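**Student:** Please find one structure pasted underneath; my questions will follow.
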Amino acid sequence: IGLIGRSPMVILANADVPINNFKELVAAAKAAPDKYSYGSYGNGTTAHFAGEMIQQAAGIKLRHLPYKGSAPAMNDLMGGHIPFTVDTLTAALPQLKSGKVKAIAVTTAQRSPMAPEIPSVAESGTTGVNADTWIAIVAPRGLPPAVKTRLVKALADSVASEETRSKLSAIGTEPT
């Protein structure tokens with residue numbers, strides 16, 4: 001039916017990890033191959049693929065630790081059980097705002113307007129990483145054209161409203 005918004009993926013670190021940006025992460029991973037790991041919200045997810053893209057583009061190796069969802073990975077990150085995760089900005093914003101975790105970089109080509117203080121991987125000089133998630137409304141195949149037209153218009157009107165755009169932005173999702 002249509003796209004509601006996009007959220008960049010973000011590389012997060014435990015607040016006590018002595019790495020504060022992507023260049024430092026790359027240098028640490030190259031100096032100690034296989035020492036560092038990152039959690040994701042599961043095998044084959046956008047977070048997992050983003051982590052693999054990061055490694056390939058930067059020429060580093062990190063151990064992937066798949067979790068059964070974002071919350072368990074975030075809990076282990078905040079608890080110091082893992083040093084890094086890759087997650088959506090939407091999921092990470094509350095923990096970033098509280099200072100429980102820190103952002104290393106977003107995995108989009110440019111900084112996110114939802115969190116302009118977080119640099120992109122590309123700003124560090126590493127190219128080839130562009131991963132985000134999207135939120136969309138879908139319907140079954142064979143939907144009557146009149147119903148589809150009505151849903152498309154309702155979605156467009158909703159996403160165009162300032163109230164919806166403001167609420168999406170507040171949770172780290174860029175309205176589209």
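Ligands are numbered from 1 in the order shown, chains are lettered A, B, ... in the order of the structure tokens, and residues start at 1 in each chain.
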When DSSP is applied to the backbone of this structure, which of segment 80-164 of chain A are assigned strand (DSSP E or B)? Write them out as a PDB file with C-alpha atoms, in the first residue's frame.

**Tutor:**
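So the final result, stored in selection-v3.pdb, reads:
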ATOM      1  CA  PHE A  84      28.396  -3.758  20.558  1.00  0.00           C
ATOM      2  CA  THR A  85      25.072  -4.230  18.827  1.00  0.00           C
ATOM      3  CA  VAL A  86      23.584  -3.177  15.546  1.00  0.00           C
ATOM      4  CA  ASP A  87      19.953  -2.121  15.880  1.00  0.00           C
ATOM      5  CA  THR A  88      17.446   0.337  14.508  1.00  0.00           C
ATOM      6  CA  VAL A 101      24.550   3.077  25.545  1.00  0.00           C
ATOM      7  CA  LYS A 102      26.452   5.202  23.068  1.00  0.00           C
ATOM      8  CA  ALA A 103      26.198   5.503  19.313  1.00  0.00           C
ATOM      9  CA  ILE A 104      29.231   4.711  17.197  1.00  0.00           C
ATOM     10  CA  ALA A 105      27.713   5.465  13.770  1.00  0.00           C
ATOM     11  CA  VAL A 106      24.600   5.136  11.648  1.00  0.00           C
ATOM     12  CA  SER A 120      27.606   7.975   9.493  1.00  0.00           C
ATOM     13  CA  ASP A 132      18.175   0.937   7.020  1.00  0.00           C
ATOM     14  CA  THR A 133      14.804  -0.486   7.871  1.00  0.00           C
ATOM     15  CA  TRP A 134      11.420   0.594   6.665  1.00  0.00           C
ATOM     16  CA  ILE A 135       7.866   0.482   7.903  1.00  0.00           C
ATOM     17  CA  ALA A 136       5.164  -0.146   5.358  1.00  0.00           C
ATOM     18  CA  ILE A 137       1.537  -1.105   5.044  1.00  0.00           C
TER      19      ILE A 137
END

**Student:** Please, which residues of segment 40-144 of chain A, numbered as in this document, come out alpha helix (DSSP H) from DSSP, as an NGL selection string?

**Tutor:** :A and (46-58 or 70-78 or 89-98)

**Student:** Could you please determine the separation between atom CA of Pro66 of chain A and atom CA of Pro83 of chain A in Å, to one decimal place?

**Tutor:**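 Going from atom CA of Pro66 of chain A over to atom CA of Pro83 of chain A covers 13.7 Å.
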
**Student:** So how many Å separate atom CA of Ala91 of chain A and atom CA of Ala139 of chain A, to one decimal?

**Tutor:** 25.3 Å

**Student:** Tell me which of A:Pro116, A:Pro94, A:Gly142, A:Gly51 sits closest to Gly39 of chain A, counting only C-alpha atoms.

**Tutor:**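 Distance minimum relative to Gly39 of chain A lands on A:Gly51.
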
**Student:** Compare A:Ala170, A:Leu143, A:Ile118, A:Val138 by their minimum atom-to-atom distance to Ile4 of chain A, counting only C-alpha atoms, and give me the closest one.

**Tutor:**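 Comparing A:Ala170, A:Leu143, A:Ile118, A:Val138 against Ile4 of chain A, the winner is A:Val138.
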
**Student:** Report, in Å to a single decimal, how far apart atom CA of Ala156 of chain A and atom CA of Pro144 of chain A are.

**Tutor:**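 Pair atom CA of Pro144 of chain A / atom CA of Ala156 of chain A returns 18.4 Å.
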
**Student:** Name the closest residue to Asp34 of chain A among the candidates A:Ile11, A:Ala154, A:Ile60, A:Ala47; distances are taken between atoms, counting only C-alpha atoms.

**Tutor:**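 With only C-alpha atoms as the atom set, the closest residue is A:Ile60.
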
**Student:** Could you check the closest approach to Ile54 of chain A for each of A:Val26, A:Ala15, A:Ala92, A:Val147 and tell me which residue wins, using only C-alpha atoms?

**Tutor:** A:Val26

**Student:** Please identify all polymer residues within 9 Å of Thr126 of chain A, counting only C-alpha atoms, omitting same-chain residues fewer than 3 positions from it, and present them as a VMD selection string.

**Tutor:** chain A and resid 22 to 23 54 57 to 58 121 to 123 129

**Student:** Output the selection as a compact mmCIF listing (two decimals), in the first residue's frame - all heavy atoms for each residue.

**Tutor:**
# COMPACT_ATOMS: atom_id res chain seq x y z
N PHE A 22 33.57 5.25 14.84
CA PHE A 22 33.79 4.13 13.92
C PHE A 22 35.27 3.90 13.62
O PHE A 22 35.71 2.75 13.54
CB PHE A 22 32.99 4.33 12.63
CG PHE A 22 32.95 3.10 11.78
CD1 PHE A 22 32.20 2.00 12.17
CD2 PHE A 22 33.68 3.01 10.61
CE1 PHE A 22 32.17 0.84 11.41
CE2 PHE A 22 33.65 1.86 9.83
CZ PHE A 22 32.90 0.77 10.23
N LYS A 23 36.05 4.96 13.49
CA LYS A 23 37.48 4.78 13.23
C LYS A 23 38.14 4.03 14.39
O LYS A 23 38.99 3.16 14.16
CB LYS A 23 38.16 6.13 13.02
CG LYS A 23 37.89 6.73 11.66
CD LYS A 23 38.68 8.03 11.47
CE LYS A 23 38.37 8.60 10.10
NZ LYS A 23 39.12 9.83 9.85
N ILE A 54 29.24 -3.92 7.36
CA ILE A 54 30.23 -3.13 8.09
C ILE A 54 31.58 -3.84 8.07
O ILE A 54 32.62 -3.23 7.75
CB ILE A 54 29.77 -2.89 9.54
CG1 ILE A 54 28.56 -1.94 9.56
CG2 ILE A 54 30.91 -2.36 10.41
CD1 ILE A 54 27.76 -2.00 10.84
N ALA A 57 33.07 -3.89 4.42
CA ALA A 57 33.51 -2.58 3.97
C ALA A 57 34.75 -2.10 4.72
O ALA A 57 35.63 -1.46 4.13
CB ALA A 57 32.38 -1.57 4.13
N ALA A 58 34.84 -2.40 6.02
CA ALA A 58 35.96 -1.92 6.83
C ALA A 58 37.13 -2.89 6.88
O ALA A 58 38.20 -2.54 7.40
CB ALA A 58 35.47 -1.65 8.26
N VAL A 121 28.83 5.96 9.00
CA VAL A 121 30.02 5.16 8.72
C VAL A 121 30.82 5.82 7.60
O VAL A 121 32.05 5.89 7.66
CB VAL A 121 29.64 3.70 8.36
CG1 VAL A 121 30.82 2.93 7.81
CG2 VAL A 121 29.06 2.99 9.57
N ALA A 122 30.13 6.35 6.60
CA ALA A 122 30.81 6.97 5.46
C ALA A 122 31.68 8.15 5.88
O ALA A 122 32.73 8.40 5.28
CB ALA A 122 29.78 7.41 4.42
N GLU A 123 31.25 8.88 6.91
CA GLU A 123 32.05 10.02 7.38
C GLU A 123 33.42 9.60 7.89
O GLU A 123 34.35 10.40 7.93
CB GLU A 123 31.32 10.77 8.48
CG GLU A 123 30.15 11.58 7.98
CD GLU A 123 29.45 12.29 9.13
OE1 GLU A 123 30.08 13.15 9.77
OE2 GLU A 123 28.28 11.97 9.38
N VAL A 129 28.57 0.99 2.98
CA VAL A 129 27.62 0.59 4.02
C VAL A 129 26.41 1.52 3.92
O VAL A 129 26.53 2.72 4.09
CB VAL A 129 28.22 0.68 5.43
CG1 VAL A 129 27.18 0.31 6.48
CG2 VAL A 129 29.45 -0.21 5.55

**Student:** Give me the residues within 9 Å of Met78 of chain A as a list in words, counting only C-alpha atoms and dropping any in the same chain fewer than 2 places off.

**Tutor:**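 Selected residues are Ala13, Asn14, Ala15, Ala73, Met74, Asn75, Asp76, Gly80, His81, Ile82, Pro83, Gln95, Lys100 and Val101 of chain A.
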
**Student:** Please provide the set of residues having any atom within 8 Å of Val159 of chain A, restricted to only C-alpha atoms, with same-chain residues fewer than 4 positions apart removed, written as a PyMOL selection string.

**Tutor:** chain A and resi 4+155+164-165+175-176

**Student:** Could you check the closest approach to Met9 of chain A for each of A:Ala50, A:Asp157, A:Leu25, A:Arg63 and tell me which residue wins, using only C-alpha atoms?

**Tutor:**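 Using only C-alpha atoms, the shortest distance to Met9 of chain A belongs to A:Ala50.
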
**Student:** Which residues are near Met53 of chain A? Cut-off 9 Å, only C-alpha atoms, ignore same chain within fewer than 6 positions. Put them as a VMD selection string.

**Tutor:** chain A and resid 128 to 131

**Student:** Can you write just those residues out, all heavy atoms, as a compact mmCIF listing (two decimals), in the first residue's frame?

**Tutor:**
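As a result, selection_13.txt now contains:
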# COMPACT_ATOMS: atom_id res chain seq x y z
N GLY A 128 30.46 1.94 1.25
CA GLY A 128 29.85 0.65 0.95
C GLY A 128 28.89 0.15 2.02
O GLY A 128 28.45 -0.99 1.95
N VAL A 129 28.57 0.99 2.98
CA VAL A 129 27.62 0.59 4.02
C VAL A 129 26.41 1.52 3.92
O VAL A 129 26.53 2.72 4.09
CB VAL A 129 28.22 0.68 5.43
CG1 VAL A 129 27.18 0.31 6.48
CG2 VAL A 129 29.45 -0.21 5.55
N ASN A 130 25.27 0.95 3.59
CA ASN A 130 24.03 1.73 3.54
C ASN A 130 22.88 0.78 3.87
O ASN A 130 22.40 0.06 3.00
CB ASN A 130 23.84 2.38 2.17
CG ASN A 130 22.74 3.42 2.21
OD1 ASN A 130 22.22 3.76 3.26
ND2 ASN A 130 22.38 3.93 1.04
N ALA A 131 22.50 0.75 5.13
CA ALA A 131 21.47 -0.17 5.58
C ALA A 131 20.48 0.55 6.47
O ALA A 131 20.87 1.25 7.39
CB ALA A 131 22.09 -1.34 6.34

**Student:** Name all residues at most 7 Å from segment 68-70 of chain A (count only C-alpha atoms; drop same-chain ones fewer than 5 positions away) and give them as a list in words.

**Tutor:**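 Counting only the stated atoms, we get Ser40, Tyr41 and Gly42 of chain A.
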
**Student:** Would you mind telling me which residue in A:Thr127, A:Thr149, A:Ser161, A:Ser7 lies nearest to Pro113 of chain A when using only C-alpha atoms?

**Tutor:**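 Selected residue with least distance to Pro113 of chain A: A:Ser7.
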